[in-house]
Every structure is written in C-alpha cells, then in structure tokens.
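Please read the structure below before turning to the comments.
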Amino acid sequence: MNTDKILSKIRSKRQLLNYSQDYVASVLQMKQANYNKIENGKVELSVSVLFKIARLLDLNVDELIKEYKAA
C-alpha cells in the first residue's frame with residue numbers, strides 16, 4: 001500500500017501545528033519510535049490509527065483517502 005501522500009500530509013500538518021512526534025505519540029499512547037516508524041512508512045498505517053491521527057491534527061480522513069486513491 002502506497003501511503004506516501006497521506007504520510008506527507010500528516011507530517012506537514014503535525015509540523016504546522018508545531019507538534020513533536022513525541023507529543024503525538026503520547027496522545028496516541030505509543031512510543032515515539034513507533035510513531036516515527038508509522039510517519040516514515042516503515043510500518044503499515046492502520047485505519048484506526050489513521051482516524052486517531054486525523055482527529056488530533058484536525059485532518060479530514062476523506063481528503064487523506066483521496067490522496068491515496070490519486071497515487
């Protein structure tokens with residue numbers, strides 16, 4: 001599954017909000033290293049985690065999925 005565009009949008013929005021990976025990971029109740037692997041595409045992004053990240057970063061999941069379908 002090619003999620004590069006989705007992950008890029010997530011990373012960009014996180015940085016725009018000035019959220020650290022550590023902060024996002026703590027809200028998601030995971031280790032920063034695990035979140036880093038998700039954001040960098042080293043482990044698969046699950047649907048449930050995608051929804052949690054989208055909620056935290058105020059991203060529209062439908063828009064993110066359009067990015068995936070456009071790839």
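Going by the structure tokens order, chains are called A, B, ..., each with residues numbered from 1, while ligands are numbered from 1 in the order shown.
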
Apply DSSP to the structure's backbone, then extract all residues of stretch 18-49 of chain A labelled alpha helix (DSSP H) and return them as an MDAnalysis selection string. chainID A and resid 21:27 32:39 47:49

Fewer than 5 positions away in the same chain doesn't count, so skip those; otherwise give me all residues within 10 Å of A:Leu50, counting only C-alpha atoms, as a PyMOL selection string. chain A and resi 6-7+10+38+45+55-56+59+61+64

Writing out the chosen residues with C-alpha atoms as a JSON list (two decimals), in the first residue's frame:
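What follows is the written file part-v4.json:
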[["chain", "number", "residue", "atom", "x", "y", "z"],
["A", 6, "ILE", "CA", -1.06, 10.54, 3.24],
["A", 7, "LEU", "CA", 2.03, 10.35, 5.42],
["A", 10, "ILE", "CA", 0.23, 14.04, 8.24],
["A", 38, "ILE", "CA", 4.40, 4.99, 11.06],
["A", 45, "LEU", "CA", -0.69, 2.71, 8.99],
["A", 55, "ARG", "CA", -8.70, 13.72, 14.76],
["A", 56, "LEU", "CA", -5.66, 15.00, 16.64],
["A", 59, "LEU", "CA", -7.43, 16.46, 9.17],
["A", 61, "VAL", "CA", -9.96, 11.40, 6.60],
["A", 64, "LEU", "CA", -6.49, 11.88, 3.06]]

How far is it from atom CA of A:Ser8 to atom CA of A:Asn40, in Å with one decimal?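 Atom-to-atom, atom CA of A:Ser8 to atom CA of A:Asn40, that is 8.7 Å.
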
For atom CA of A:Gln32 and atom CA of A:Arg14, determine how far apart the two atoms are, in Å to one decimal place. 13.7 Å

Quick one: residues within 12 Å of A:Lys9, only C-alpha atoms counted, chain neighbours fewer than 5 positions away excluded, as a ChimeraX atom specification? /A:3-4,14-16,39-40,50,53-54,57-61,63-68
